[in-house]
file upload18.pdb (PDB, C-alpha atoms)
ATOM      1  CA  MET Q 383     121.116 120.994  -8.725
ATOM      2  CA  ARG Q 384     119.655 123.349 -11.328
ATOM      3  CA  GLY Q 385     115.941 123.751 -11.763
ATOM      4  CA  ILE Q 386     113.189 126.188 -12.573
ATOM      5  CA  VAL Q 387     111.280 128.236 -10.009
ATOM      6  CA  TYR Q 388     108.800 131.082 -10.190
ATOM      7  CA  ILE Q 389     107.257 131.805  -6.799
ATOM      8  CA  LEU Q 390     104.846 134.571  -5.931
ATOM      9  CA  ALA Q 391     105.988 135.179  -2.378
ATOM     10  CA  GLY Q 392     102.879 137.093  -1.402
ATOM     11  CA  LEU Q 393     100.743 133.972  -1.598
ATOM     12  CA  ALA Q 394     101.731 133.161   1.978
ATOM     13  CA  THR Q 395     102.345 135.274   5.068
ATOM     14  CA  ALA Q 396     105.221 133.084   6.129
ATOM     15  CA  VAL Q 397     108.121 131.874   4.013
ATOM     16  CA  ALA Q 398     109.040 128.231   4.476
ATOM     17  CA  SER Q 399     112.659 127.222   4.916
ATOM     18  CA  CYS Q 400     114.347 125.730   1.872
ATOM     19  CA  GLY Q 401     117.526 123.762   1.432
ATOM     20  CA  PRO Q 402     120.465 125.316  -0.393
ATOM     21  CA  CYS Q 403     120.358 124.982  -4.132
ATOM     22  CA  ASP Q 404     120.959 126.943  -7.328
ATOM     23  CA  LYS Q 405     117.546 127.663  -8.828
ATOM     24  CA  HIS Q 406     117.434 129.519 -12.115
ATOM     25  CA  CYS Q 407     114.114 131.269 -12.726
ATOM     26  CA  GLN Q 408     112.989 131.198 -16.356
ATOM     27  CA  CYS Q 409     111.222 134.268 -17.675
ATOM     28  CA  THR Q 410     107.549 134.382 -18.547
ATOM     29  CA  PRO Q 411     106.575 135.472 -22.103
ATOM     30  CA  ASP Q 412     105.412 138.967 -21.071
ATOM     31  CA  VAL Q 413     108.272 139.777 -18.666
ATOM     32  CA  PRO Q 414     111.712 140.327 -20.233
ATOM     33  CA  MET Q 415     114.374 138.864 -17.955
ATOM     34  CA  HIS Q 416     118.148 139.033 -17.702
ATOM     35  CA  ASP Q 417     120.421 136.238 -16.497
ATOM     36  CA  ILE Q 418     122.799 137.397 -13.744
ATOM     37  CA  GLU Q 419     125.154 135.664 -11.354
ATOM     38  CA  VAL Q 420     124.740 136.478  -7.650
ATOM     39  CA  LEU Q 421     127.900 136.367  -5.540
ATOM     40  CA  TYR Q 422     127.976 136.665  -1.743
ATOM     41  CA  ASP Q 423     130.635 138.604   0.151
ATOM     42  CA  TRP Q 424     130.650 137.409   3.785
ATOM     43  CA  SER Q 425     133.359 139.809   5.004
ATOM     44  CA  GLN Q 426     130.832 141.663   7.191
ATOM     45  CA  ALA Q 427     129.599 138.424   8.761
ATOM     46  CA  PRO Q 428     132.711 136.210   8.865
ATOM     47  CA  HIS Q 429     131.236 133.723  11.341
ATOM     48  CA  ALA Q 430     127.991 133.153   9.440
ATOM     49  CA  GLU Q 431     127.281 129.576   8.400
ATOM     50  CA  PRO Q 432     123.882 129.577   6.659
ATOM     51  CA  GLU Q 433     122.637 126.512   4.826
ATOM     52  CA  GLY Q 434     121.308 128.612   1.970
ATOM     53  CA  MET Q 435     120.050 132.045   0.962
ATOM     54  CA  ALA Q 436     116.645 133.263  -0.190
ATOM     55  CA  VAL Q 437     116.587 136.070  -2.779
ATOM     56  CA  PHE Q 438     113.588 138.293  -3.541
ATOM     57  CA  ILE Q 439     113.732 140.474  -6.665
ATOM     58  CA  TYR Q 440     111.195 143.322  -6.949
ATOM     59  CA  ASP Q 441     110.518 144.822 -10.388
ATOM     60  CA  VAL Q 442     110.305 148.579  -9.739
ATOM     61  CA  GLU Q 443     108.367 149.364 -12.918
ATOM     62  CA  ALA Q 444     105.886 146.509 -12.642
ATOM     63  CA  GLU Q 445     105.361 146.860  -8.863
ATOM     64  CA  ASP Q 446     104.188 143.271  -8.871
ATOM     65  CA  MET Q 447     104.786 140.278  -6.617
ATOM     66  CA  PRO Q 448     108.488 139.558  -6.147
ATOM     67  CA  TRP Q 449     110.409 136.764  -7.800
ATOM     68  CA  ARG Q 450     111.930 134.362  -5.266
ATOM     69  CA  TYR Q 451     115.057 132.227  -5.670
ATOM     70  CA  ASP Q 452     116.977 129.975  -3.279
ATOM     71  CA  LEU Q 453     120.762 129.861  -3.648
ATOM     72  CA  ARG Q 454     123.809 128.391  -2.003
ATOM     73  CA  PRO Q 455     125.697 130.657   0.457
ATOM     74  CA  THR Q 456     128.273 131.252  -2.273
ATOM     75  CA  GLY Q 457     125.617 132.389  -4.748
ATOM     76  CA  GLY Q 458     124.283 131.215  -8.097
ATOM     77  CA  HIS Q 459     122.437 132.281 -11.242
ATOM     78  CA  ILE Q 460     119.027 133.966 -11.328
ATOM     79  CA  ASP Q 461     116.868 135.651 -13.949
ATOM     80  CA  ALA Q 462     116.168 139.250 -12.905
ATOM     81  CA  PRO Q 463     113.684 141.608 -14.590
ATOM     82  CA  GLN Q 464     115.326 143.898 -17.113
ATOM     83  CA  GLY Q 465     115.259 147.466 -15.842
ATOM     84  CA  PRO Q 466     115.181 148.968 -12.331
ATOM     85  CA  ALA Q 467     114.848 146.380  -9.576
ATOM     86  CA  ARG Q 468     115.167 146.025  -5.799
ATOM     87  CA  ALA Q 469     116.458 143.020  -3.878
ATOM     88  CA  ILE Q 470     116.228 141.391  -0.458
ATOM     89  CA  THR Q 471     118.306 138.370   0.546
ATOM     90  CA  TYR Q 472     118.558 136.481   3.833
ATOM     91  CA  ASN Q 473     119.378 132.970   5.038
ATOM     92  CA  ASN Q 474     116.576 130.501   4.328
ATOM     93  CA  ASP Q 475     117.427 128.005   7.097
ATOM     94  CA  THR Q 476     115.461 129.684   9.896
ATOM     95  CA  ARG Q 477     112.961 127.704  11.970
ATOM     96  CA  SER Q 478     111.374 130.184  14.395
ATOM     97  CA  LEU Q 479     110.931 133.108  11.986
ATOM     98  CA  ASN Q 480     107.845 134.177  10.089
ATOM     99  CA  PHE Q 481     107.955 136.703   7.249
ATOM    100  CA  GLY Q 482     105.126 139.111   6.518
ATOM    101  CA  ASN Q 483     104.302 141.651   3.785
ATOM    102  CA  THR Q 484     106.703 139.923   1.399
ATOM    103  CA  ASP Q 485     104.865 141.437  -1.590
ATOM    104  CA  ASN Q 486     105.983 144.911  -0.484
ATOM    105  CA  PHE Q 487     109.724 145.688  -0.550
ATOM    106  CA  PHE Q 488     109.568 148.428   2.078
ATOM    107  CA  ALA Q 489     107.045 146.726   4.389
ATOM    108  CA  CYS Q 490     108.564 143.217   4.396
ATOM    109  CA  LYS Q 491     109.264 142.134   7.986
ATOM    110  CA  ALA Q 492     110.385 139.212  10.145
ATOM    111  CA  TYR Q 493     108.895 138.182  13.477
ATOM    112  CA  THR Q 494     108.566 135.169  15.784
ATOM    113  CA  HIS Q 495     105.632 133.252  17.217
ATOM    114  CA  GLU Q 496     104.018 133.639  20.627
ATOM    115  CA  GLY Q 497     106.078 132.168  23.456
ATOM    116  CA  ASN Q 498     105.788 131.242  27.114
ATOM    117  CA  LEU Q 499     107.472 133.262  29.847
ATOM    118  CA  PHE Q 500     109.144 130.079  31.098
ATOM    119  CA  ASP Q 501     110.373 128.699  27.773
ATOM    120  CA  GLY Q 502     113.893 128.766  29.206
ATOM    121  CA  LEU Q 503     113.127 125.805  31.458
ATOM    122  CA  THR Q 504     114.297 122.360  30.430
ATOM    123  CA  GLU Q 505     110.787 121.040  31.123
ATOM    124  CA  ALA Q 506     107.368 122.584  30.474
ATOM    125  CA  TRP Q 507     105.777 124.739  33.171
ATOM    126  CA  TYR Q 508     101.995 125.013  33.157
ATOM    127  CA  GLY Q 509     101.490 127.180  36.229
ATOM    128  CA  PRO Q 510     100.685 130.904  36.369
ATOM    129  CA  GLU Q 511     103.077 133.761  35.759
ATOM    130  CA  PRO Q 512     103.854 136.264  38.534
ATOM    131  CA  LYS Q 513     101.222 138.946  37.949
ATOM    132  CA  SER Q 514     103.046 141.500  40.083
ATOM    133  CA  ARG Q 515     106.191 141.548  37.933
ATOM    134  CA  ALA Q 516     107.022 144.655  35.906
ATOM    135  CA  ASP Q 517     106.006 144.730  32.217
ATOM    136  CA  ALA Q 518     103.573 141.854  32.755
ATOM    137  CA  GLU Q 519     101.287 143.366  30.084
ATOM    138  CA  GLN Q 520     103.827 142.791  27.306
ATOM    139  CA  ARG Q 521     103.418 139.962  24.844
ATOM    140  CA  VAL Q 522     105.900 137.110  25.210
ATOM    141  CA  LEU Q 523     107.556 136.123  21.927
ATOM    142  CA  ALA Q 524     110.019 133.331  21.131
ATOM    143  CA  GLN Q 525     113.654 134.097  20.356
ATOM    144  CA  PRO Q 526     114.509 134.722  16.680
ATOM    145  CA  ASP Q 527     116.935 132.492  14.833
ATOM    146  CA  PRO Q 528     120.166 134.073  13.594
ATOM    147  CA  LEU Q 529     119.424 136.159  10.504
ATOM    148  CA  TRP Q 530     121.928 137.469   7.950
ATOM    149  CA  LEU Q 531     120.427 140.135   5.727
ATOM    150  CA  TYR Q 532     121.216 142.349   2.744
ATOM    151  CA  THR Q 533     118.848 144.689   0.900
ATOM    152  CA  THR Q 534     119.263 147.156  -1.940
ATOM    153  CA  GLU Q 535     116.838 149.646  -3.464
ATOM    154  CA  ALA Q 536     118.852 149.758  -6.700
ATOM    155  CA  LEU Q 537     120.046 146.387  -7.918
ATOM    156  CA  VAL Q 538     123.377 147.018  -9.641
ATOM    157  CA  VAL Q 539     124.545 144.520 -12.241
ATOM    158  CA  ASN Q 540     128.068 144.804 -13.601
ATOM    159  CA  ASP Q 541     128.981 142.486 -16.489
ATOM    160  CA  ALA Q 542     126.047 140.198 -15.554
ATOM    161  CA  THR Q 543     127.297 139.858 -11.943
ATOM    162  CA  THR Q 544     125.947 141.373  -8.724
ATOM    163  CA  LEU Q 545     127.438 141.263  -5.239
ATOM    164  CA  PHE Q 546     125.443 140.882  -1.998
ATOM    165  CA  ARG Q 547     127.060 141.626   1.400
ATOM    166  CA  PRO Q 548     124.891 140.210   4.234
ATOM    167  CA  THR Q 549     125.286 141.392   7.816
ATOM    168  CA  ALA Q 550     123.989 139.985  11.116
ATOM    169  CA  VAL Q 551     120.807 141.620  12.454
ATOM    170  CA  VAL Q 552     120.007 139.382  15.447
ATOM    171  CA  ALA Q 553     121.648 140.336  18.737
ATOM    172  CA  ARG Q 554     122.848 138.067  21.536
ATOM    173  CA  TYR Q 555     122.040 139.240  25.076
ATOM    174  CA  SER Q 556     124.039 137.348  27.706
ATOM    175  CA  TYR Q 557     123.457 137.808  31.433
ATOM    176  CA  THR Q 558     125.604 136.870  34.404
ATOM    177  CA  VAL Q 559     124.238 136.737  37.959
ATOM    178  CA  THR Q 560     126.622 136.687  40.908
ATOM    179  CA  GLY Q 561     126.283 136.822  44.681
ATOM    180  CA  ILE Q 562     123.415 134.350  44.911
ATOM    181  CA  THR Q 563     122.853 132.864  48.348
ATOM    182  CA  GLY Q 564     120.646 129.801  48.777
ATOM    183  CA  LEU Q 565     121.269 128.486  45.268
ATOM    184  CA  GLU Q 566     121.516 124.947  46.631
ATOM    185  CA  GLY Q 567     117.798 125.063  47.434
ATOM    186  CA  VAL Q 568     116.739 125.801  43.836
ATOM    187  CA  ALA Q 569     114.979 123.067  41.876
ATOM    188  CA  ARG Q 570     114.845 124.938  38.542
ATOM    189  CA  MET Q 571     115.233 128.453  37.170
ATOM    190  CA  CYS Q 572     114.978 130.554  34.011
ATOM    191  CA  ALA Q 573     115.059 134.174  32.868
ATOM    192  CA  ALA Q 574     113.481 136.771  30.581
ATOM    193  CA  VAL Q 575     114.296 140.256  29.296
ATOM    194  CA  THR Q 576     111.542 142.826  28.775
ATOM    195  CA  GLY Q 577     111.360 145.890  26.540
ATOM    196  CA  LEU Q 578     112.673 144.170  23.405
ATOM    197  CA  ALA Q 579     111.489 144.658  19.818
ATOM    198  CA  GLY Q 580     108.924 142.184  18.550
ATOM    199  CA  GLU Q 581     109.753 142.425  14.843
ATOM    200  CA  ILE Q 582     112.179 143.882  12.321
ATOM    201  CA  TYR Q 583     111.551 145.461   8.931
ATOM    202  CA  LEU Q 584     114.090 144.024   6.520
ATOM    203  CA  VAL Q 585     114.831 147.186   4.550
ATOM    204  CA  GLY Q 586     117.127 149.157   6.816
ATOM    205  CA  ALA Q 587     116.851 146.525   9.571
ATOM    206  CA  VAL Q 588     114.414 148.824  11.376
ATOM    207  CA  LYS Q 589     113.063 147.467  14.660
ATOM    208  CA  GLY Q 590     109.331 147.523  15.361
ATOM    209  CA  ASP Q 591     107.774 149.813  17.973
ATOM    210  CA  GLU Q 592     106.064 147.163  20.112
ATOM    211  CA  ALA Q 593     107.925 146.239  23.297
ATOM    212  CA  VAL Q 594     107.788 142.526  24.080
ATOM    213  CA  THR Q 595     109.327 140.078  26.537
ATOM    214  CA  VAL Q 596     111.715 137.351  25.362
ATOM    215  CA  PRO Q 597     112.392 134.289  27.594
ATOM    216  CA  GLY Q 598     115.771 132.616  28.027
ATOM    217  CA  ALA Q 599     117.588 129.899  29.930
ATOM    218  CA  LEU Q 600     119.458 130.285  33.214
ATOM    219  CA  ARG Q 601     122.035 127.751  34.439
ATOM    220  CA  THR Q 602     124.290 127.570  37.484
ATOM    221  CA  THR Q 603     127.941 128.385  36.831
ATOM    222  CA  GLY Q 604     129.140 128.042  40.432
ATOM    223  CA  SER Q 605     127.928 127.744  44.001
ATOM    224  CA  THR Q 606     126.797 131.403  44.037
ATOM    225  CA  SER Q 607     126.464 132.288  40.344
ATOM    226  CA  ALA Q 608     124.343 131.611  37.253
ATOM    227  CA  ALA Q 609     124.308 132.732  33.635
ATOM    228  CA  GLY Q 610     122.367 132.490  30.398
ATOM    229  CA  ALA Q 611     121.743 134.152  27.037
ATOM    230  CA  LEU Q 612     119.004 134.822  24.510
ATOM    231  CA  HIS Q 613     118.666 136.118  20.956
ATOM    232  CA  THR Q 614     116.635 139.205  20.119
ATOM    233  CA  TRP Q 615     116.109 141.935  17.530
ATOM    234  CA  GLY Q 616     117.334 144.360  20.205
ATOM    235  CA  TYR Q 617     115.676 146.887  22.470
ATOM    236  CA  VAL Q 618     112.818 149.163  21.435
ATOM    237  CA  ASP Q 619     114.144 152.586  20.440
ATOM    238  CA  ASP Q 620     111.445 154.463  22.384
ATOM    239  CA  PRO Q 621     113.325 156.359  25.145
ATOM    240  CA  GLN Q 622     110.326 155.884  27.438
ATOM    241  CA  SER Q 623     110.656 152.103  27.210
ATOM    242  CA  GLY Q 624     113.048 150.274  29.561
ATOM    243  CA  CYS Q 625     114.557 146.806  29.743
ATOM    244  CA  ARG Q 626     114.340 144.533  32.768
ATOM    245  CA  LEU Q 627     116.113 141.270  33.504
ATOM    246  CA  GLN Q 628     113.718 138.991  35.344
ATOM    247  CA  LEU Q 629     114.943 135.810  37.030
ATOM    248  CA  PHE Q 630     112.558 133.050  38.102
ATOM    249  CA  PHE Q 631     113.426 130.504  40.796
ATOM    250  CA  TRP Q 632     111.508 127.438  41.944
ATOM    251  CA  LEU Q 633     112.645 126.160  45.348
ATOM    252  CA  THR Q 634     112.539 122.512  46.323
ATOM    253  CA  ASP Q 635     109.681 123.230  48.772
ATOM    254  CA  GLY Q 636     107.446 124.626  46.011
ATOM    255  CA  LYS Q 637     107.918 128.323  46.729
ATOM    256  CA  LYS Q 638     108.553 130.583  43.728
ATOM    257  CA  TYR Q 639     110.479 133.840  43.499
ATOM    258  CA  CYS Q 640     110.870 136.435  40.740
ATOM    259  CA  TYR Q 641     113.846 138.808  41.003
ATOM    260  CA  ASP Q 642     113.601 141.930  38.869
ATOM    261  CA  PHE Q 643     116.505 144.163  37.752
ATOM    262  CA  ASP Q 644     116.275 147.336  35.676
ATOM    263  CA  VAL Q 645     119.077 146.858  33.124
ATOM    264  CA  THR Q 646     118.076 149.601  30.682
ATOM    265  CA  ARG Q 647     121.354 151.456  31.022
ATOM    266  CA  GLN Q 648     123.492 148.346  30.471
ATOM    267  CA  VAL Q 649     121.513 147.450  27.360
ATOM    268  CA  ARG Q 650     121.437 150.909  25.768
ATOM    269  CA  GLU Q 651     125.083 151.724  26.548
ATOM    270  CA  ALA Q 652     126.509 148.379  25.390
ATOM    271  CA  PRO Q 653     129.562 148.926  23.123
ATOM    272  CA  ASP Q 654     128.280 146.355  20.631
ATOM    273  CA  PRO Q 655     124.471 146.321  20.187
ATOM    274  CA  LEU Q 656     124.692 142.823  18.697
ATOM    275  CA  ASP Q 657     126.613 141.421  21.692
ATOM    276  CA  VAL Q 658     125.106 142.861  24.869
ATOM    277  CA  LYS Q 659     126.484 141.709  28.217
ATOM    278  CA  ILE Q 660     124.339 142.186  31.336
ATOM    279  CA  THR Q 661     125.682 141.689  34.853
ATOM    280  CA  VAL Q 662     123.690 141.771  38.096
ATOM    281  CA  ASN Q 663     124.623 140.903  41.664
ATOM    282  CA  GLY Q 664     122.970 140.124  44.976
ATOM    283  CA  ILE Q 665     120.119 137.628  45.344
ATOM    284  CA  ASP Q 666     119.199 136.195  48.734
ATOM    285  CA  LEU Q 667     117.050 133.108  48.319
ATOM    286  CA  PRO Q 668     115.410 131.761  51.480
ATOM    287  CA  GLU Q 669     116.221 128.299  52.718
ATOM    288  CA  PRO Q 670     113.566 125.809  51.586
ATOM    289  CA  ASP Q 671     111.167 124.535  54.208
ATOM    290  CA  SER Q 672     111.693 120.783  54.355
ATOM    291  CA  SER Q 673     108.289 120.346  56.014
ATOM    292  CA  ASP Q 674     106.446 122.039  53.137
ATOM    293  CA  PRO Q 675     104.516 119.478  51.023
ATOM    294  CA  GLY Q 676     105.153 121.421  47.752
ATOM    295  CA  GLY Q 677     108.269 119.453  46.902
ATOM    296  CA  GLU Q 678     110.625 119.594  43.893
ATOM    297  CA  GLY Q 679     109.707 123.076  42.811
ATOM    298  CA  GLY Q 680     105.977 122.525  42.349
ATOM    299  CA  ILE Q 681     105.882 121.942  38.575
ATOM    300  CA  GLY Q 682     102.220 121.841  37.560
ATOM    301  CA  VAL Q 683      99.115 124.013  37.712
ATOM    302  CA  ASP Q 684      98.709 125.993  40.921
ATOM    303  CA  VAL Q 685      97.704 129.409  42.231
ATOM    304  CA  ASP Q 686      99.775 132.532  41.701
ATOM    305  CA  ASN Q 687     101.898 132.360  44.837
ATOM    306  CA  TRP Q 688     104.913 134.085  43.322
ATOM    307  CA  GLU Q 689     106.894 136.577  45.384
ATOM    308  CA  THR Q 690     108.395 139.350  43.243
ATOM    309  CA  ILE Q 691     111.424 141.276  44.464
ATOM    310  CA  GLU Q 692     112.837 144.333  42.676
ATOM    311  CA  ILE Q 693     116.557 144.960  43.200
ATOM    312  CA  GLU Q 694     118.192 148.311  42.500
ATOM    313  CA  LEU Q 695     121.529 148.181  40.678
ATOM    314  CA  SER Q 696     124.329 150.461  41.809
ATOM    315  CA  ASN Q 697     125.970 152.482  39.027
TER     316      ASN Q 697
END
call {"tool": "encode", "arguments": {"input": "upload18.pdb", "output": "structure tokens"}}
result
Amino acid sequence: MRGIVYILAGLATAVASCGPCDKHCQCTPDVPMHDIEVLYDWSQAPHAEPEGMAVFIYDVEAEDMPWRYDLRPTGGHIDAPQGPARAITYNNDTRSLNFGNTDNFFACKAYTHEGNLFDGLTEAWYGPEPKSRADAEQRVLAQPDPLWLYTTEALVVNDATTLFRPTAVVARYSYTVTGITGLEGVARMCAAVTGLAGEIYLVGAVKGDEAVTVPGALRTTGSTSAAGALHTWGYVDDPQSGCRLQLFFWLTDGKKYCYDFDVTRQVREAPDPLDVKITVNGIDLPEPDSSDPGGEGGIGVDVDNWETIEIELSN
């Protein structure tokens, strides 16, 4: 379809998702505009499959609210201010992301909402978290949706055409756990990784300084193994901040165990920062007490009777 849109993005702190369309923004009487065709080059993100793309155009001379357009992944026509301009574009089909400071090109950022440490479970858990676990003071934030991003401080238009080349900025952290004894006595389990960035500034894809915890799923892959994965902006760049893989197990007798691994080295030395693979080994779960009245993992509100166990990884 082809319509008319003029949106002041700063009117809201979060940008709502929009379906893919070709929206051509007409100029206002006091702002001279120039029709250009936006084309997308997906060679740097060949596996991306966005539903549509949001485009923000910032008039450098006016330093006013940005113009927003929503285009198909292949591109479309927009009206850009004549003269120097900056641009931000990203996929507009996200669900978990919020966008802040959209009226400021350099301060515009993406972040997720508050989460629960046990969001990786297939059913809700309303009981307490293990207070003795490491990094318990960090905020827990939900995983970000995949985000493909391109920004430019100098919008270049050649023969009324401009080319955007989005790249992926959300990393996938997968974790594999082997050597688990007593897995047959587990009623449910999940995981989390600490020391991760809580937000990303779109220009330069710069991660925020706050270290947060991101929850993820954990599923059995064999009689003595389990695995899972989560999406994140990546680890916090502060060298004093570490990353820990924390695994949570509910036994059928109601007992609960948190196993904690320092995986900072694996995360920071990963060959591909967007595809981090974590491996840990050696968990000895006790045999459930069949006489214990807890039963079926004790889902519900109860006291903090978690037992936390830190396990050192051999290099």
call {"tool": "resolve_selection", "arguments": {"input": "upload18.pdb", "expression": "the PyMOL selection byres ((chain Q and resi 691) around 8)", "output": "VMD selection string"}}
result
chain Q and resid 639 to 642 689 to 690 692 to 693
call {"tool": "resolve_selection", "arguments": {"input": "upload18.pdb", "expression": "the PyMOL selection byres ((chain Q and resi 428) around 12)", "output": "ChimeraX atom specification"}}
result
/Q:422-427,429-432,530,547-550
call {"tool": "atom_distance", "arguments": {"input": "upload18.pdb", "atom1": "atom CA of Q:Gln648", "atom2": "atom CA of Q:Trp632"}}
result
26.7 Å
call {"tool": "resolve_selection", "arguments": {"input": "upload18.pdb", "expression": "the PyMOL selection byres ((chain Q and resi 611-628) around 7)", "output": "ChimeraX atom specification"}}
result
/Q:525-526,551-557,573-579,581-582,589,591,593,598-599,610,629-630,640-646
call {"tool": "atom_distance", "arguments": {"input": "upload18.pdb", "atom1": "atom CA of Q:Arg570", "atom2": "atom CA of Q:Thr494"}}
result
25.7 Å
call {"tool": "residues_around", "arguments": {"input": "upload18.pdb", "residues": "Q:Phe438", "least_positions_apart": "4", "cutoff": "8 Å", "atoms": "only C-alpha atoms", "output": "MDAnalysis selection string"}}
result
chainID Q and resid 448:451 469:471
call {"tool": "closest_residue", "arguments": {"input": "upload18.pdb", "among": "Q:Ser514, Q:Tyr440, Q:Asp657, Q:Val420", "to": "Q:Thr484", "atoms": "only C-alpha atoms"}}
result
Q:Tyr440
